[in-house]
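Trainee: The structure follows.
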Amino acid sequence: MSPTPAAMPASATSSVPAPGRRPRPGLSVSSARRSASKTLANAVLILLGLCFLIPLSWLVLASLDPEAGYTTELPKTFTLDNFAAVLTPELAFVPLLNSLLLSAGAAGLTVVAAVLAAYPLSRYQLRFNKPFLYTVLFGTCLPITAIMVPVYGLFVQLNLLDSLPATTFFMAATFLPMAIWMTKNFMDSVPISLEEAAWMDGASSMKALAHVVVPLMRPGLAVVFIFVFIQAWGNFFVPFILLLSSGKQPAAVSIFRFFGQYGTVAYGQLAAFSILYSIPVILLYVLVARGIGGSFAMAGAMKG
Amino acid sequence: MTAGTSTRPELGPGTGPGHGNSGRTGALWLKLLPLAPAIALLGIFLAGPIIFSVYGSFTNAALTGKNAKDPQFIGFENYADLFRDPNFPQSLWLTVLFVFASAIVGQNLLGLGTALLMNKATKAIAAVVGVCVVAAWVLPEIVAAFVAYAFFFREGTLNQLTATVGIAPVDWLFEHPMLAIILANIWRGTAFSMMVYQAALNDVPQEISESAMIDGAGGALRLWYITLPMIRRSIATNLMLITLQTLAVFTLIYVMTAGGPSRRSATLPVMAYEEAFRYSNIGYGTAIAVVMILIGAVFSVVYIRLLKEK
């Protein structure tokens, strides 16, 4: 995740006006001003980037430092011992596996429920659609933190506390409104004429959905899946409240316990564990942003 | 990534493919049947708890003891307690301060500024800085919280930096807890606003601002009279979304200050957590949650109105 400072101030003066062309009045003045403002913009941006980067540099340096503290400094000797120390079953593997089960389970459930729900919303003109969609949108806005106390109460009543499957279902539900909204927008862009051909051949609407629509919107569904996966993987509060035994807790919670128990001595290990736990979501984010298109996903989420 | 193409229903009866009836001619309920899994999930896990919370806030439910097994209906007592509790107005004020300073001012203006600067700057620099800003946002929240803790810690990086210019170390987390969590939340969340504004500015036609430039309008004037009005929709949407996100911030504050010292950074989510789980006062904690849900609901309605207007 260390950002590459590859091509820094290489082409700062690329927009110098080409000489010898017909000089339009005012243009040369404005382009001189423009290149000055470009230099200023570059300088401010670099400063800003440093402000965002400096806190993160501690994480990387401390993870490689055998004597790490809270100060940011170049380690006297570089070591991978911190990583080796946390790569034990109870510290890293079991929590990471739990994180994987929780996130993949929630993302899978969300995508399935969202695709099924999006189909009638996208394909039939029903009076029911609009109010339902706005209710769903309302659901995307509610602060999940606020409902955790009542959810805890509900889980106690239903005897679901400390259950990994129940927590997975709850997480799926919290991401579902956003997922339905995104999936419907993606599905709207799949032309209906293709399904009509399938209907002609006597396929049911569910068959048409499975064999015609879903294959066509695979990139969109991948975005929804990754979107939910990243959020579920990073979520701390929900498993912190709903999962009690350490064998079931995901990495987000186990890392917090580790911090509480050893955080004041083993900074390096804390940083190493944090990095190991962050790598999957960073890779997935890069995948979405580069491969499938970040603004595309954004458009799906923001479109009215 | 196995679920991308599966349509096997996990919940709800008879939604599987091959149920004979064609979707076109089927009855209304059959058309709506695929909605069943989603409605079941949303009903049980979102609508259920919200309704339950309204009821629970009228009881004296507790984590342990006699009231845990058999909570009694106590009417508006929790709410009466809430408005008598001197901690509540303080938490409410801290929440407002946190949302206003870190989201509405900090993330929003910094995000807009960064996006505008990126349009002017060299592409490579803009891209690298974009990665730095987004990195803080992509990290899992607990990791971001640790990083922010390490940065503001007494022996941490910030004091290291200020020491180089001769400023005496400050115990940020104890002496200025609100400032620390506000700055941390700006650091963590600016990427979202930045990306919203990058997308919005991409949609502003180049010719419009260029023709204004030929007319002699300066940068600030162009920004105020042309660019900002053209992206006002995105501004409104962004403000609503970051307000709702910031209202719900718990992990960052809990890890950095745990609401302390002596409640000086206890926003409503932290207060609800403390009351419900530390002092095992579920009913009282739920009443705080209902207040938070109501605040969130007001912002949600405004947000939906904005989208509808389109």
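Residue numbers start at 1 in each chain; chains themselves are named A, B, ... in the order of the structure tokens; ligands are numbered from 1 in the order shown.
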As a PyMOL selection string, please: every residue in region 122-202 of chain B that DSSP puts in helix (DSSP H, G or I).
Mentor: chain B and resi 123-138+141-152+157-164+172-175+177-202
Trainee: Residues within 9 Å of Val99 (chain B), please, as an NGL selection string. Count only C-alpha atoms; anything in the same chain fewer than 5 positions from it doesn't count.
Mentor: :B and (94 or 104-105 or 182 or 242-244 or 246-247)
Trainee: Just N, CA and C atoms for this one: save the residues we selected as an mmCIF file, in the first residue's frame.
Mentor:
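out-v1.cif, freshly written:
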```cif
data_model
loop_
_atom_site.group_PDB
_atom_site.id
_atom_site.type_symbol
_atom_site.label_atom_id
_atom_site.label_comp_id
_atom_site.auth_asym_id
_atom_site.auth_seq_id
_atom_site.Cartn_x
_atom_site.Cartn_y
_atom_site.Cartn_z
ATOM 1 N N LEU B 94 -21.542 17.926 21.552
ATOM 2 C CA LEU B 94 -20.290 17.385 21.019
ATOM 3 C C LEU B 94 -20.529 16.715 19.671
ATOM 4 N N ILE B 104 -18.926 18.805 7.695
ATOM 5 C CA ILE B 104 -19.467 19.896 6.885
ATOM 6 C C ILE B 104 -18.382 20.894 6.513
ATOM 7 N N VAL B 105 -17.517 21.241 7.465
ATOM 8 C CA VAL B 105 -16.428 22.154 7.146
ATOM 9 C C VAL B 105 -15.212 21.377 6.639
ATOM 10 N N ILE B 182 -11.613 15.299 15.652
ATOM 11 C CA ILE B 182 -12.092 16.032 14.469
ATOM 12 C C ILE B 182 -11.046 15.961 13.354
ATOM 13 N N ILE B 242 -22.211 12.748 4.033
ATOM 14 C CA ILE B 242 -21.126 12.774 5.018
ATOM 15 C C ILE B 242 -21.664 13.123 6.399
ATOM 16 N N THR B 243 -22.763 13.906 6.441
ATOM 17 C CA THR B 243 -23.374 14.177 7.749
ATOM 18 C C THR B 243 -23.869 12.871 8.372
ATOM 19 N N LEU B 244 -24.563 12.063 7.568
ATOM 20 C CA LEU B 244 -25.082 10.799 8.086
ATOM 21 C C LEU B 244 -23.949 9.859 8.491
ATOM 22 N N THR B 246 -20.930 10.710 9.465
ATOM 23 C CA THR B 246 -20.201 11.229 10.616
ATOM 24 C C THR B 246 -21.013 11.122 11.900
ATOM 25 N N LEU B 247 -22.346 11.259 11.769
ATOM 26 C CA LEU B 247 -23.215 11.052 12.930
ATOM 27 C C LEU B 247 -22.967 9.690 13.553
#
```
Trainee: Please, what distance in Å, to one decimal, runs between CA of Ile192 (chain A) and CA of Leu209 (chain A)?
Mentor: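 It comes out at 10.6 Å.
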Trainee: Using only C-alpha atoms, determine which residues lie at most 9 Å from Leu45 (chain A), disregarding the query and same-chain residues fewer than 5 positions distant; provide the list as a list in words.
Mentor: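 These residues fall inside the cut-off: Leu40 and Leu50 of chain A; Thr114, Leu117, Met118, Ala121, Ile125, Ala126 and Val129 of chain B.
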Trainee: Take the residues just selected and output them with N, CA and C atoms as a PDB file, in the first residue's frame.
Mentor:
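To be explicit, this is the file written out as selection_5.pdb:
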```
ATOM      1  N   LEU A  40       1.560  26.488  -8.339  1.00  0.00           N
ATOM      2  CA  LEU A  40       1.009  26.679  -7.000  1.00  0.00           C
ATOM      3  C   LEU A  40       0.119  25.496  -6.616  1.00  0.00           C
ATOM      4  N   LEU A  50       1.296  14.964   1.716  1.00  0.00           N
ATOM      5  CA  LEU A  50       2.190  14.622   2.825  1.00  0.00           C
ATOM      6  C   LEU A  50       1.418  14.547   4.140  1.00  0.00           C
TER       7      LEU A  50
ATOM      8  N   THR B 114      -9.357  19.984  -2.779  1.00  0.00           N
ATOM      9  CA  THR B 114      -8.446  19.025  -3.393  1.00  0.00           C
ATOM     10  C   THR B 114      -8.867  18.704  -4.820  1.00  0.00           C
ATOM     11  N   LEU B 117      -8.016  21.636  -7.045  1.00  0.00           N
ATOM     12  CA  LEU B 117      -6.574  21.724  -7.278  1.00  0.00           C
ATOM     13  C   LEU B 117      -6.114  20.643  -8.252  1.00  0.00           C
ATOM     14  N   MET B 118      -6.721  19.445  -8.112  1.00  0.00           N
ATOM     15  CA  MET B 118      -6.317  18.337  -8.980  1.00  0.00           C
ATOM     16  C   MET B 118      -6.593  18.654 -10.441  1.00  0.00           C
ATOM     17  N   ALA B 121      -3.625  20.896 -11.406  1.00  0.00           N
ATOM     18  CA  ALA B 121      -2.249  20.443 -11.219  1.00  0.00           C
ATOM     19  C   ALA B 121      -1.825  19.472 -12.318  1.00  0.00           C
ATOM     20  N   ILE B 125       1.067  14.283 -10.424  1.00  0.00           N
ATOM     21  CA  ILE B 125       1.021  14.717  -9.027  1.00  0.00           C
ATOM     22  C   ILE B 125      -0.378  14.523  -8.469  1.00  0.00           C
ATOM     23  N   ALA B 126      -1.384  14.904  -9.253  1.00  0.00           N
ATOM     24  CA  ALA B 126      -2.761  14.739  -8.807  1.00  0.00           C
ATOM     25  C   ALA B 126      -3.056  13.270  -8.499  1.00  0.00           C
ATOM     26  N   VAL B 129      -1.186  12.159  -5.191  1.00  0.00           N
ATOM     27  CA  VAL B 129      -1.834  12.748  -4.013  1.00  0.00           C
ATOM     28  C   VAL B 129      -3.197  12.089  -3.788  1.00  0.00           C
TER      29      VAL B 129
END
```
Trainee: Show me, as a list in words, the residues that have an atom within 9 Å of region 281-292 of chain A when counting only C-alpha atoms, minus same-chain residues fewer than 3 positions from it.
Mentor: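 Counting only the stated atoms, we get Met1, Pro219, Gly220, Ala222, Val223, Ile226, Phe227, Phe229, Ile230, Gln231, Trp233, Gly234, Tyr277, Ser278, Ser295, Phe296 and Ala297 of chain A; Ala135, Val138, Leu139 and Pro140 of chain B.
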Trainee: Grab the CA of Arg188 (chain B) to CA of Gly259 (chain B) distance for me, in Å with one decimal place.
Mentor: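 One can read the CA of Arg188 (chain B) to CA of Gly259 (chain B) distance as 18.3 Å.
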Trainee: With a distance cut-off of 6 Å and only C-alpha atoms, select the neighbouring residues of region 51-58 of chain A, excluding the residue or stretch itself and same-chain residues fewer than 5 positions from it, and output the selection as a list of chain:residue names.
Mentor: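 Near region 51-58 of chain A, the qualifying residues are A:Thr72, B:Cys132, B:Val133, B:Phe151.
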Trainee: Print the selection's residues with C-alpha atoms to a file, as an mmCIF file, in the first residue's frame.
Mentor:
```cif
data_model
loop_
_atom_site.group_PDB
_atom_site.id
_atom_site.type_symbol
_atom_site.label_atom_id
_atom_site.label_comp_id
_atom_site.auth_asym_id
_atom_site.auth_seq_id
_atom_site.Cartn_x
_atom_site.Cartn_y
_atom_site.Cartn_z
ATOM 1 C CA THR A 72 7.786 7.600 13.487
ATOM 2 C CA CYS B 132 -2.455 9.269 -0.416
ATOM 3 C CA VAL B 133 -5.877 10.738 0.397
ATOM 4 C CA PHE B 151 -0.257 10.072 15.463
#
```
Trainee: Check the smallest atom-to-atom distance from each of B:Ile142, B:Phe277, B:Ser91, B:Gln206 to Arg257 (chain A) using only C-alpha atoms, then report the winner.
Mentor: B:Ile142
